[in-house]
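Structure below is final04.tsv: TSV, C-alpha atoms.
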chain	number	residue	atom	x	y	z
A	1	MET	CA	115.00	-33.22	128.34
A	2	LYS	CA	113.20	-33.92	131.60
A	3	LEU	CA	112.88	-30.79	133.72
A	4	GLU	CA	113.69	-31.23	137.40
A	5	ILE	CA	114.18	-27.66	138.64
A	6	ILE	CA	112.35	-25.24	136.33
A	7	THR	CA	108.60	-25.64	136.68
A	8	GLN	CA	105.91	-25.54	134.02
A	9	GLU	CA	104.41	-22.59	135.89
A	10	GLN	CA	107.68	-20.67	135.43
A	11	ILE	CA	107.68	-21.50	131.70
A	12	ASN	CA	104.07	-20.38	131.39
A	13	ASN	CA	104.92	-17.12	133.15
A	14	ARG	CA	107.84	-16.61	130.75
A	15	ASN	CA	105.43	-16.98	127.82
A	16	TYR	CA	103.00	-14.58	129.47
A	17	TRP	CA	105.67	-11.90	129.80
A	18	ILE	CA	106.86	-12.32	126.21
A	19	ASP	CA	103.27	-11.59	125.11
A	20	GLU	CA	102.79	-8.85	127.71
A	21	ILE	CA	105.88	-6.93	126.56
A	22	SER	CA	104.62	-7.12	122.97
A	23	ARG	CA	101.22	-5.86	124.08
A	24	LEU	CA	102.63	-2.99	126.14
A	25	SER	CA	105.25	-1.72	123.70
A	26	GLY	CA	104.45	1.79	122.62
A	27	ASN	CA	105.33	4.41	125.23
A	28	PHE	CA	108.68	3.35	126.72
A	29	GLY	CA	108.55	5.48	129.89
A	30	VAL	CA	105.01	4.49	130.84
A	31	ASP	CA	105.49	0.86	129.84
A	32	SER	CA	108.72	0.56	131.87
A	33	GLU	CA	106.91	1.74	134.97
A	34	LYS	CA	104.08	-0.75	134.32
A	35	VAL	CA	106.55	-3.62	133.98
A	36	GLU	CA	108.36	-2.62	137.17
A	37	ALA	CA	105.12	-2.34	139.16
A	38	LYS	CA	103.66	-5.57	137.80
A	39	ILE	CA	106.82	-7.66	138.33
A	40	GLY	CA	107.13	-6.24	141.85
A	41	LYS	CA	103.55	-7.24	142.69
A	42	GLU	CA	104.00	-10.67	141.13
A	43	ILE	CA	107.04	-11.41	143.30
A	44	SER	CA	105.40	-9.89	146.36
A	45	ASP	CA	102.35	-12.14	145.85
A	46	ASN	CA	104.12	-15.36	144.83
A	47	GLY	CA	107.50	-15.15	146.56
A	48	ILE	CA	110.95	-16.30	145.54
A	49	GLU	CA	109.74	-18.97	143.10
A	50	ALA	CA	108.34	-16.22	140.87
A	51	LEU	CA	111.67	-14.37	140.97
A	52	LEU	CA	113.62	-17.56	140.25
A	53	GLY	CA	111.49	-18.21	137.18
A	54	HIS	CA	112.48	-14.82	135.77
A	55	LEU	CA	116.16	-15.22	136.68
A	56	ARG	CA	116.38	-18.65	135.11
A	57	LEU	CA	114.74	-17.72	131.81
A	58	CYS	CA	115.16	-14.00	131.12
A	59	GLY	CA	118.66	-14.13	129.56
A	60	ALA	CA	117.40	-14.94	126.05
A	61	ILE	CA	115.76	-12.16	124.03
A	62	PRO	CA	112.74	-13.69	122.22
A	63	GLU	CA	113.43	-14.25	118.53
A	64	ARG	CA	109.95	-12.93	117.72
A	65	TYR	CA	111.01	-9.41	118.74
A	66	GLY	CA	112.41	-7.38	115.85
A	67	HIS	CA	115.86	-5.80	116.11
A	68	ASP	CA	115.90	-2.32	117.68
A	69	THR	CA	112.14	-2.40	118.21
A	70	SER	CA	110.19	-1.02	121.15
A	71	GLU	CA	109.68	-4.63	122.24
A	72	GLU	CA	113.41	-5.30	122.38
A	73	LYS	CA	114.06	-2.08	124.31
A	74	LEU	CA	111.29	-2.84	126.80
A	75	TYR	CA	112.61	-6.39	127.23
A	76	SER	CA	115.99	-4.92	128.16
A	77	LYS	CA	114.29	-2.82	130.84
A	78	TYR	CA	112.42	-5.92	132.02
A	79	THR	CA	115.74	-7.69	132.71
A	80	ASP	CA	116.89	-4.66	134.73
A	81	VAL	CA	113.69	-4.91	136.78
A	82	VAL	CA	114.39	-8.62	137.39
A	83	ILE	CA	117.87	-8.00	138.83
A	84	HIS	CA	116.53	-5.03	140.81
A	85	GLN	CA	113.94	-7.32	142.41
A	86	SER	CA	116.71	-9.81	143.18
A	87	TYR	CA	118.72	-7.20	145.06
A	88	LEU	CA	115.62	-6.10	146.97
A	89	LEU	CA	115.02	-9.68	148.10
A	90	MET	CA	118.64	-9.89	149.29
A	91	GLY	CA	118.11	-6.85	151.52
A	92	PHE	CA	119.57	-3.98	149.50
A	93	ASN	CA	117.87	-0.67	148.93
A	94	SER	CA	117.61	-0.77	145.15
A	95	ILE	CA	116.16	1.45	142.44
A	96	VAL	CA	115.82	1.19	138.67
A	97	LEU	CA	117.20	4.43	137.28
A	98	LYS	CA	115.12	6.30	134.71
A	99	GLU	CA	117.96	8.07	132.88
A	100	ARG	CA	118.68	6.74	129.39
A	101	ALA	CA	122.37	7.58	128.89
A	102	ASP	CA	125.70	7.54	130.72
A	103	VAL	CA	124.34	5.75	133.78
A	104	ALA	CA	123.89	2.17	134.88
A	105	ASP	CA	120.32	0.91	135.03
A	106	VAL	CA	120.19	-0.23	138.67
A	107	GLU	CA	121.65	1.28	141.84
A	108	CYS	CA	121.98	-0.56	145.17
A	109	VAL	CA	123.08	0.45	148.67
A	110	ASN	CA	123.20	-0.97	152.16
A	111	ASN	CA	124.87	0.25	155.36
A	112	ASN	CA	128.32	-1.04	154.35
A	113	TYR	CA	128.76	-0.58	150.60
A	114	SER	CA	127.06	0.37	147.35
A	115	PHE	CA	127.21	-0.56	143.69
A	116	VAL	CA	125.58	-0.09	140.30
A	117	ALA	CA	124.35	-2.94	138.13
A	118	ASP	CA	123.25	-3.66	134.59
A	119	ALA	CA	121.50	-6.67	133.05
A	120	LYS	CA	122.43	-8.14	129.68
A	121	ALA	CA	120.35	-10.38	127.44
A	122	PHE	CA	121.11	-11.77	123.98
A	123	ARG	CA	119.28	-13.61	121.23
A	124	LEU	CA	120.34	-17.23	120.98
A	125	SER	CA	120.81	-16.66	117.23
A	126	ARG	CA	123.37	-13.91	117.79
A	127	THR	CA	126.80	-15.34	117.06
A	128	ALA	CA	129.09	-12.29	116.91
A	129	LYS	CA	129.56	-10.82	120.37
A	130	ASN	CA	132.49	-8.65	121.36
A	131	GLN	CA	133.72	-6.99	124.53
A	132	LYS	CA	131.64	-3.85	123.90
A	133	ASP	CA	128.44	-5.90	124.22
A	134	PHE	CA	129.19	-6.39	127.93
A	135	LYS	CA	130.01	-2.72	128.65
A	136	ILE	CA	132.62	-3.43	131.35
A	137	GLN	CA	134.56	-0.22	130.72
A	138	ALA	CA	131.35	1.80	130.50
A	139	MET	CA	130.16	0.40	133.82
A	140	ASP	CA	133.37	1.58	135.46
A	141	GLY	CA	132.57	5.10	134.27
A	142	TRP	CA	128.97	4.80	135.46
A	143	LYS	CA	129.88	4.08	139.10
A	144	HIS	CA	129.76	7.81	139.87
A	145	GLY	CA	131.63	7.44	143.14
A	146	LYS	CA	130.44	3.97	144.07
A	147	PRO	CA	133.21	1.41	144.66
A	148	TYR	CA	131.72	-1.50	142.71
A	149	ALA	CA	129.67	-2.43	139.66
A	150	MET	CA	128.04	-5.68	138.52
A	151	VAL	CA	127.12	-6.80	135.01
A	152	VAL	CA	124.65	-9.71	135.00
A	153	CYS	CA	124.68	-11.95	131.91
A	154	PRO	CA	123.27	-15.28	130.74
A	155	VAL	CA	125.99	-17.81	131.59
A	156	TYR	CA	125.88	-19.55	128.20
A	157	GLN	CA	126.70	-16.30	126.33
A	158	LEU	CA	129.94	-15.50	128.18
A	159	PRO	CA	133.40	-16.14	126.66
A	160	LEU	CA	134.67	-19.56	127.68
A	161	ARG	CA	138.43	-19.25	127.20
A	162	THR	CA	139.97	-15.78	126.95
A	163	SER	CA	138.48	-12.32	126.66
A	164	GLN	CA	139.38	-8.74	127.44
A	165	ILE	CA	136.20	-8.49	129.54
A	166	TYR	CA	137.85	-10.54	132.31
A	167	GLN	CA	140.96	-8.37	132.20
A	168	GLN	CA	138.79	-5.25	132.37
A	169	ALA	CA	136.71	-6.69	135.23
A	170	GLY	CA	139.74	-7.19	137.47
A	171	ALA	CA	141.32	-3.88	136.53
A	172	ARG	CA	138.15	-1.82	137.03
A	173	SER	CA	136.38	-3.60	139.93
A	174	VAL	CA	133.43	-4.55	137.76
A	175	CYS	CA	132.02	-7.95	138.70
A	176	ILE	CA	130.81	-10.09	135.81
A	177	ALA	CA	128.10	-12.35	137.22
A	178	THR	CA	125.30	-14.45	135.75
A	179	TYR	CA	121.59	-14.79	136.36
A	180	THR	CA	122.47	-18.17	137.88
A	181	HIS	CA	124.69	-16.45	140.46
A	182	LEU	CA	121.86	-14.08	141.35
A	183	ALA	CA	119.50	-17.04	141.76
A	184	VAL	CA	122.02	-18.60	144.17
A	185	PHE	CA	122.37	-15.33	146.12
A	186	ALA	CA	118.59	-14.89	146.32
A	187	ARG	CA	118.02	-18.45	147.52
A	188	TYR	CA	120.82	-18.10	150.07
A	189	ALA	CA	119.22	-14.89	151.40
A	190	GLU	CA	115.91	-16.73	151.74
A	191	ALA	CA	117.42	-19.84	153.35
A	192	LYS	CA	119.93	-18.12	155.65
A	193	ASN	CA	119.31	-14.39	156.02
A	194	LYS	CA	119.69	-11.15	154.10
A	195	ILE	CA	122.68	-9.90	156.09
A	196	ASN	CA	124.73	-12.98	155.18
A	197	ALA	CA	123.69	-12.71	151.53
A	198	MET	CA	124.83	-9.08	151.35
A	199	GLU	CA	128.11	-10.02	153.07
A	200	LEU	CA	128.59	-12.76	150.46
A	201	ILE	CA	128.14	-10.32	147.59
A	202	HIS	CA	130.59	-7.95	149.27
A	203	GLU	CA	133.13	-10.79	149.37
A	204	VAL	CA	132.52	-11.40	145.66
A	205	PHE	CA	133.19	-7.73	144.88
A	206	LYS	CA	136.39	-7.79	146.96
A	207	THR	CA	137.54	-10.94	145.16
A	208	VAL	CA	137.14	-9.26	141.78
A	209	GLU	CA	138.87	-6.12	143.05
A	210	ALA	CA	141.88	-8.17	144.24
A	211	MET	CA	142.25	-10.19	141.03
A	212	ASN	CA	145.40	-9.98	138.96
A	213	SER	CA	144.48	-8.56	135.57
A	214	SER	CA	144.08	-11.50	133.19
A	215	LYS	CA	142.11	-12.40	130.06
A	216	ASP	CA	141.78	-16.00	131.22
A	217	ALA	CA	138.16	-17.02	131.76
A	218	ASN	CA	139.06	-20.07	133.83
A	219	THR	CA	141.05	-18.00	136.33
A	220	TYR	CA	138.23	-15.47	136.72
A	221	TRP	CA	135.44	-17.99	137.23
A	222	GLN	CA	137.39	-20.29	139.52
A	223	LEU	CA	138.21	-17.40	141.87
A	224	LEU	CA	134.66	-16.05	141.78
A	225	ASN	CA	132.87	-19.38	142.17
A	226	ARG	CA	135.26	-20.60	144.88
A	227	THR	CA	134.62	-17.43	146.88
A	228	ILE	CA	130.89	-18.17	146.78
A	229	LEU	CA	131.14	-21.87	147.61
A	230	ASN	CA	133.66	-21.32	150.42
A	231	PHE	CA	131.51	-18.64	152.07
A	232	ASP	CA	129.02	-21.11	153.56
A	233	ALA	CA	128.80	-24.91	153.23
A	234	SER	CA	125.03	-24.67	152.77
A	235	ILE	CA	125.48	-22.91	149.41
A	236	SER	CA	126.74	-26.10	147.72
A	237	LYS	CA	123.30	-27.71	147.45
A	238	ILE	CA	121.75	-24.49	146.09
A	239	TRP	CA	124.64	-24.20	143.64
A	240	GLN	CA	124.13	-27.71	142.27
A	241	GLU	CA	120.42	-27.15	141.78
A	242	GLU	CA	120.87	-23.81	140.01
A	243	LYS	CA	123.60	-25.29	137.81
A	244	LYS	CA	121.05	-27.90	136.73
A	245	ALA	CA	118.45	-25.15	136.23
A	246	SER	CA	120.91	-23.33	133.98
A	247	ALA	CA	121.20	-26.37	131.69
A	248	GLU	CA	117.41	-26.67	131.64
A	249	SER	CA	117.04	-22.99	130.76
A	250	ILE	CA	119.23	-23.46	127.67
A	251	HIS	CA	117.00	-26.32	126.53
A	252	ILE	CA	113.83	-24.27	127.12
A	253	SER	CA	115.20	-21.18	125.36
A	254	ARG	CA	116.39	-23.25	122.40
A	255	GLU	CA	112.99	-24.89	122.01
A	256	GLU	CA	111.28	-21.49	122.25
A	257	SER	CA	113.56	-19.92	119.62
A	258	LEU	CA	113.55	-22.88	117.24
A	259	GLY	CA	109.77	-23.13	117.48
A	260	PHE	CA	109.34	-19.49	116.49
A	261	LEU	CA	111.83	-19.71	113.60
A	262	ALA	CA	110.17	-22.87	112.26
A	263	SER	CA	106.76	-21.16	112.27
A	264	GLU	CA	108.28	-18.05	110.68
A	265	ARG	CA	109.87	-20.12	107.92
A	266	GLU	CA	106.52	-21.80	107.25
A	267	ARG	CA	104.78	-18.41	107.15
A	268	ILE	CA	107.29	-17.08	104.61
A	269	MET	CA	106.98	-20.20	102.44
A	270	ARG	CA	103.22	-19.61	102.22
A	271	LEU	CA	103.56	-16.00	100.99
A	272	SER	CA	102.50	-15.05	97.49
A	273	LYS	CA	105.08	-13.40	95.23
A	274	GLU	CA	103.59	-9.94	95.89
A	275	GLU	CA	103.51	-10.53	99.65
A	276	ALA	CA	107.11	-11.76	99.59
A	277	ILE	CA	108.26	-8.62	97.74
A	278	LYS	CA	106.50	-6.43	100.31
A	279	GLU	CA	108.13	-8.42	103.12
A	280	VAL	CA	111.63	-7.94	101.67
A	281	LEU	CA	111.07	-4.23	101.10
A	282	LYS	CA	109.83	-3.84	104.67
A	283	SER	CA	112.76	-5.72	106.21
A	284	SER	CA	115.32	-3.77	104.15
A	285	LYS	CA	113.79	-0.45	105.33
A	286	ILE	CA	114.30	1.05	101.88
A	287	GLU	CA	111.48	3.58	102.27
A	288	ASN	CA	112.97	4.84	105.55
A	289	LYS	CA	116.36	5.21	103.87
A	290	ILE	CA	114.81	7.10	100.94
A	291	ARG	CA	113.10	9.53	103.35
A	292	ALA	CA	116.37	10.04	105.23
A	293	ILE	CA	118.28	10.75	102.00
A	294	LYS	CA	115.63	13.22	100.77
A	295	SER	CA	115.78	15.08	104.07
A	296	VAL	CA	119.48	15.99	103.57
A	297	VAL	CA	119.80	19.60	102.40
A	298	ASP	CA	122.44	22.28	102.34
A	299	ASN	CA	122.66	23.54	105.91
A	300	GLY	CA	124.22	26.86	104.93
A	301	LEU	CA	127.30	26.30	107.07
A	302	LEU	CA	129.64	27.35	104.22
A	303	CYS	CA	127.73	30.63	103.83
A	304	LEU	CA	128.95	31.75	107.27
A	305	GLU	CA	131.90	33.74	105.92

Transcribe the structure of this file into structure tokens.
Amino acid sequence: MKLEIITQEQINNRNYWIDEISRLSGNFGVDSEKVEAKIGKEISDNGIEALLGHLRLCGAIPERYGHDTSEEKLYSKYTDVVIHQSYLLMGFNSIVLKERADVADVECVNNNYSFVADAKAFRLSRTAKNQKDFKIQAMDGWKHGKPYAMVVCPVYQLPLRTSQIYQQAGARSVCIATYTHLAVFARYAEAKNKINAMELIHEVFKTVEAMNSSKDANTYWQLLNRTILNFDASISKIWQEEKKASAESIHISREESLGFLASERERIMRLSKEEAIKEVLKSSKIENKIRAIKSVVDNGLLCLE
């Protein structure tokens, strides 16, 4: 596939950050702050093109990261930093929240309204996704007095026909958006001005709030996308380019994931029998399970007569 929108520099930066997150992973709190500071400086130094590279490519969790590892957790925080930087560019006062439970990850305010936001990313190999993966109901509870919430997802991972997430979005004033939408908003803020961009996002929130509750994906996206395109005629050109970038991002992410899995398959095929046994034992976490089982003792609760 010939790339017309996404640049080689943006792909190279994606690869850099995949390695950087692996290198940093260890102390989550400290590493999160490093990622936030470094991404902020990168965008400050290189402008919107740096931000667009992240928005276009960050939706896919690298296959090389193990499940529930420090790398995967730090990558999740990285995506929150990316949307936070997007909101800053649009003119919002935005912060990445440090709390780990019962709160959204990003909080935004301006003079007219406020909202909380959360970024979602998925492995391309993950096939079974359900409504809980998108946390629409949870986001409603995490508003803490704010009128709106936004969940930002990779467009290619969202349900195409019907889903309860669309019904929940309309009923709970939680906007489901994509990284592509944020790229459009950011580019519009840069091309027009920040005030107009923040007014556009307010219109998007009000559109979701006014929706009739429905599971139909087509109804949701037509209303949302039409609100954006009708807001300003100049958005149409940006929209078409980012739609093309979205298709390119799928191609890039697929090549990245397939390349890793092919090399991993080759590595496994070269293992000796003893190495293969160790690999299986490690992946099944048997030793961890044995330690957990041995740690269970009588807690004396039944002695409290």

Report as a tab-separated table the residues of stretch 46-143 of chain A within 12 Å of stretch 35-42 of chain A, each with its shortest atom pair and distance in Å (one decimal), using all atoms listed in the file, ordered by chain and increasing residue number.
residue	atom	partner	partner_atom	distance
A:Asn46	CA	A:Glu42	CA	6.0
A:Gly47	CA	A:Glu42	CA	7.9
A:Ile48	CA	A:Glu42	CA	10.0
A:Glu49	CA	A:Glu42	CA	10.3
A:Ala50	CA	A:Glu42	CA	7.1
A:Leu51	CA	A:Glu42	CA	8.5
A:Leu52	CA	A:Glu42	CA	11.9
A:Gly53	CA	A:Glu42	CA	11.3
A:His54	CA	A:Ile39	CA	9.5
A:Leu74	CA	A:Val35	CA	8.6
A:Tyr75	CA	A:Val35	CA	9.5
A:Ser76	CA	A:Val35	CA	11.2
A:Lys77	CA	A:Val35	CA	8.4
A:Tyr78	CA	A:Val35	CA	6.6
A:Thr79	CA	A:Glu36	CA	10.0
A:Asp80	CA	A:Glu36	CA	9.1
A:Val81	CA	A:Glu36	CA	5.8
A:Val82	CA	A:Ile39	CA	7.7
A:Ile83	CA	A:Glu36	CA	11.1
A:His84	CA	A:Glu36	CA	9.3
A:Gln85	CA	A:Gly40	CA	6.9
A:Ser86	CA	A:Gly40	CA	10.3
A:Leu88	CA	A:Gly40	CA	9.9
A:Leu89	CA	A:Gly40	CA	10.6
A:Ile95	CA	A:Glu36	CA	10.3
A:Val96	CA	A:Glu36	CA	8.5
A:Leu97	CA	A:Glu36	CA	11.3
A:Lys98	CA	A:Glu36	CA	11.5

Just give me the gap between atom CA of A:Glu99 and atom CA of A:Tyr16 in Å, one decimal is fine.
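Between atom CA of A:Glu99 and atom CA of A:Tyr16 the gap is 27.4 Å.
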
State, in Å with one decimal place, the distance from atom CA of A:Glu199 to atom CA of A:Thr227.
11.6 Å

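Using all atoms listed in the file for every distance, the candidate list A:Ser272, A:Ser295, A:Thr207, A:Asn196 yields A:Thr207 as the residue closest to A:Leu223.
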
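The residue set within 10 Å of A:Lys73, counting all atoms listed in the file and dropping same-chain residues fewer than 5 places from it, reads Ile21, Ser25, Phe28, Ser32, Tyr65, His67, Asp68 and Tyr78 of chain A.
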
Mind giving me the straight-line distance from atom CA of A:Cys153 to atom CA of A:Ile176 in Å, one decimal?
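Separating atom CA of A:Cys153 from atom CA of A:Ile176 is a distance of 7.5 Å.
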
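Counting only C-alpha atoms and comparing A:Lys132, A:Arg23, A:His144, A:Arg123, the residue that lies closest to A:Asp102 is A:His144.
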
Residues of stretch 101-162 of chain A at most 8 Å from stretch 235-259 of chain A: nearest atom pair and distance in Å, all atoms listed in the file, as a Markdown table:
| residue | atom | partner | partner_atom | distance |
| --- | --- | --- | --- | --- |
| A:Leu124 | CA | A:Arg254 | CA | 7.3 |
| A:Val155 | CA | A:Ser246 | CA | 7.9 |
| A:Tyr156 | CA | A:Ile250 | CA | 7.7 |

For C-alpha atoms, I'd like the residues from the last selection saved as a PDB file, keeping the file's coordinate frame.
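So result-v3.pdb came out as:
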ATOM      1  CA  LEU A 124     120.340 -17.230 120.980  1.00  0.00           C
ATOM      2  CA  VAL A 155     125.990 -17.810 131.590  1.00  0.00           C
ATOM      3  CA  TYR A 156     125.880 -19.550 128.200  1.00  0.00           C
TER       4      TYR A 156
END

Shell around A:His202 at 8 Å using all atoms listed in the file, local window under 4 positions removed, as a PDB file with C-alpha atoms, keeping the file's coordinate frame:
ATOM      1  CA  TYR A 113     128.760  -0.580 150.600  1.00  0.00           C
ATOM      2  CA  MET A 198     124.830  -9.080 151.350  1.00  0.00           C
ATOM      3  CA  LYS A 206     136.390  -7.790 146.960  1.00  0.00           C
TER       4      LYS A 206
END

Given the choices A:Ala186, A:Leu160, A:Ile136, A:Met269, which gets closest to A:Tyr87 if the distance is worked out from only C-alpha atoms?
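Result for the nearest residue to A:Tyr87: A:Ala186.
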
For A:Val109: contacts at 6 Å, all atoms listed in the file, fewer than 2 positions along chain excluded, given as a list in words
Phe92, Asn93 and Ser114 of chain A

Selection: 8 Å around A:Ile165, all atoms listed in the file, excl. self and same-chain fewer than 6 positions, as a PDB file with C-alpha atoms, keeping the file's coordinate frame:
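Output file result13.pdb follows:
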ATOM      1  CA  GLN A 131     133.720  -6.990 124.530  1.00  0.00           C
ATOM      2  CA  PHE A 134     129.190  -6.390 127.930  1.00  0.00           C
ATOM      3  CA  ILE A 136     132.620  -3.430 131.350  1.00  0.00           C
ATOM      4  CA  LYS A 215     142.110 -12.400 130.060  1.00  0.00           C
TER       5      LYS A 215
END

Could you check the closest approach to A:Ala217 for each of A:Val106, A:Cys58, A:Leu200, A:Leu158 and tell me which residue wins, using only C-alpha atoms?
A:Leu158

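The set of protein, DNA and RNA residues with any counted atom at most 8 Å from (139.2, -9.6, 140.7) (all atoms listed in the file) reads Ala169, Gly170, Ala171, Ser173, Cys175, Phe205, Lys206, Thr207, Val208, Glu209, Ala210, Met211, Asn212, Ser213, Tyr220, Leu223 and Leu224 of chain A.
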
As AutoDock Vina command-line options, please report the centre and edge lengths, rounded to one decimal in Å, of the axis-aligned box that holds all listed atoms of stretch 79-85 of chain A with 5 Å of padding on each of the six sides.
--center_x 115.8 --center_y -6.6 --center_z 137.6 --size_x 14.2 --size_y 14.0 --size_z 19.7

Since the input is missing atoms, can you rebuild N, CA and C atoms for stretch 169-192 of chain A and write them as a JSON list (two decimals), in the frame of the given file?
[["chain", "number", "residue", "atom", "x", "y", "z"],
["A", 169, "ALA", "N", 137.44, -6.50, 133.97],
["A", 169, "ALA", "CA", 136.71, -6.69, 135.23],
["A", 169, "ALA", "C", 137.64, -6.56, 136.42],
["A", 170, "GLY", "N", 138.78, -7.25, 136.37],
["A", 170, "GLY", "CA", 139.74, -7.19, 137.47],
["A", 170, "GLY", "C", 140.36, -5.82, 137.62],
["A", 171, "ALA", "N", 140.66, -5.18, 136.49],
["A", 171, "ALA", "CA", 141.32, -3.88, 136.53],
["A", 171, "ALA", "C", 140.40, -2.76, 137.00],
["A", 172, "ARG", "N", 139.09, -2.92, 136.79],
["A", 172, "ARG", "CA", 138.15, -1.82, 137.03],
["A", 172, "ARG", "C", 137.13, -2.12, 138.14],
["A", 173, "SER", "N", 137.30, -3.22, 138.85],
["A", 173, "SER", "CA", 136.38, -3.60, 139.93],
["A", 173, "SER", "C", 134.93, -3.65, 139.44],
["A", 174, "VAL", "N", 134.77, -4.30, 138.30],
["A", 174, "VAL", "CA", 133.43, -4.55, 137.76],
["A", 174, "VAL", "C", 133.22, -6.06, 137.77],
["A", 175, "CYS", "N", 132.29, -6.52, 138.58],
["A", 175, "CYS", "CA", 132.02, -7.95, 138.70],
["A", 175, "CYS", "C", 131.15, -8.43, 137.54],
["A", 176, "ILE", "N", 131.63, -9.42, 136.82],
["A", 176, "ILE", "CA", 130.81, -10.09, 135.81],
["A", 176, "ILE", "C", 130.15, -11.27, 136.52],
["A", 177, "ALA", "N", 128.84, -11.27, 136.59],
["A", 177, "ALA", "CA", 128.10, -12.35, 137.22],
["A", 177, "ALA", "C", 127.04, -12.85, 136.25],
["A", 178, "THR", "N", 126.34, -13.88, 136.62],
["A", 178, "THR", "CA", 125.30, -14.45, 135.75],
["A", 178, "THR", "C", 123.96, -14.45, 136.50],
["A", 179, "TYR", "N", 122.90, -14.65, 135.74],
["A", 179, "TYR", "CA", 121.59, -14.79, 136.36],
["A", 179, "TYR", "C", 121.57, -15.99, 137.31],
["A", 180, "THR", "N", 122.36, -17.01, 137.00],
["A", 180, "THR", "CA", 122.47, -18.17, 137.88],
["A", 180, "THR", "C", 123.07, -17.78, 139.22],
["A", 181, "HIS", "N", 124.10, -16.93, 139.20],
["A", 181, "HIS", "CA", 124.69, -16.45, 140.46],
["A", 181, "HIS", "C", 123.65, -15.69, 141.28],
["A", 182, "LEU", "N", 122.87, -14.84, 140.61],
["A", 182, "LEU", "CA", 121.86, -14.08, 141.35],
["A", 182, "LEU", "C", 120.79, -15.01, 141.94],
["A", 183, "ALA", "N", 120.46, -16.07, 141.22],
["A", 183, "ALA", "CA", 119.50, -17.04, 141.76],
["A", 183, "ALA", "C", 120.07, -17.70, 143.02],
["A", 184, "VAL", "N", 121.37, -18.02, 142.99],
["A", 184, "VAL", "CA", 122.02, -18.60, 144.17],
["A", 184, "VAL", "C", 122.00, -17.61, 145.33],
["A", 185, "PHE", "N", 122.35, -16.35, 145.06],
["A", 185, "PHE", "CA", 122.37, -15.33, 146.12],
["A", 185, "PHE", "C", 120.97, -15.15, 146.72],
["A", 186, "ALA", "N", 119.96, -15.11, 145.85],
["A", 186, "ALA", "CA", 118.59, -14.89, 146.32],
["A", 186, "ALA", "C", 118.13, -16.06, 147.19],
["A", 187, "ARG", "N", 118.42, -17.27, 146.74],
["A", 187, "ARG", "CA", 118.02, -18.45, 147.52],
["A", 187, "ARG", "C", 118.78, -18.52, 148.84],
["A", 188, "TYR", "N", 120.04, -18.12, 148.83],
["A", 188, "TYR", "CA", 120.82, -18.10, 150.07],
["A", 188, "TYR", "C", 120.24, -17.08, 151.05],
["A", 189, "ALA", "N", 119.83, -15.92, 150.54],
["A", 189, "ALA", "CA", 119.22, -14.89, 151.40],
["A", 189, "ALA", "C", 117.94, -15.42, 152.03],
["A", 190, "GLU", "N", 117.17, -16.18, 151.25],
["A", 190, "GLU", "CA", 115.91, -16.73, 151.74],
["A", 190, "GLU", "C", 116.16, -17.85, 152.75],
["A", 191, "ALA", "N", 117.17, -18.70, 152.48],
["A", 191, "ALA", "CA", 117.42, -19.84, 153.35],
["A", 191, "ALA", "C", 118.17, -19.45, 154.63],
["A", 192, "LYS", "N", 119.10, -18.52, 154.50],
["A", 192, "LYS", "CA", 119.93, -18.12, 155.65],
["A", 192, "LYS", "C", 119.38, -16.81, 156.22]]
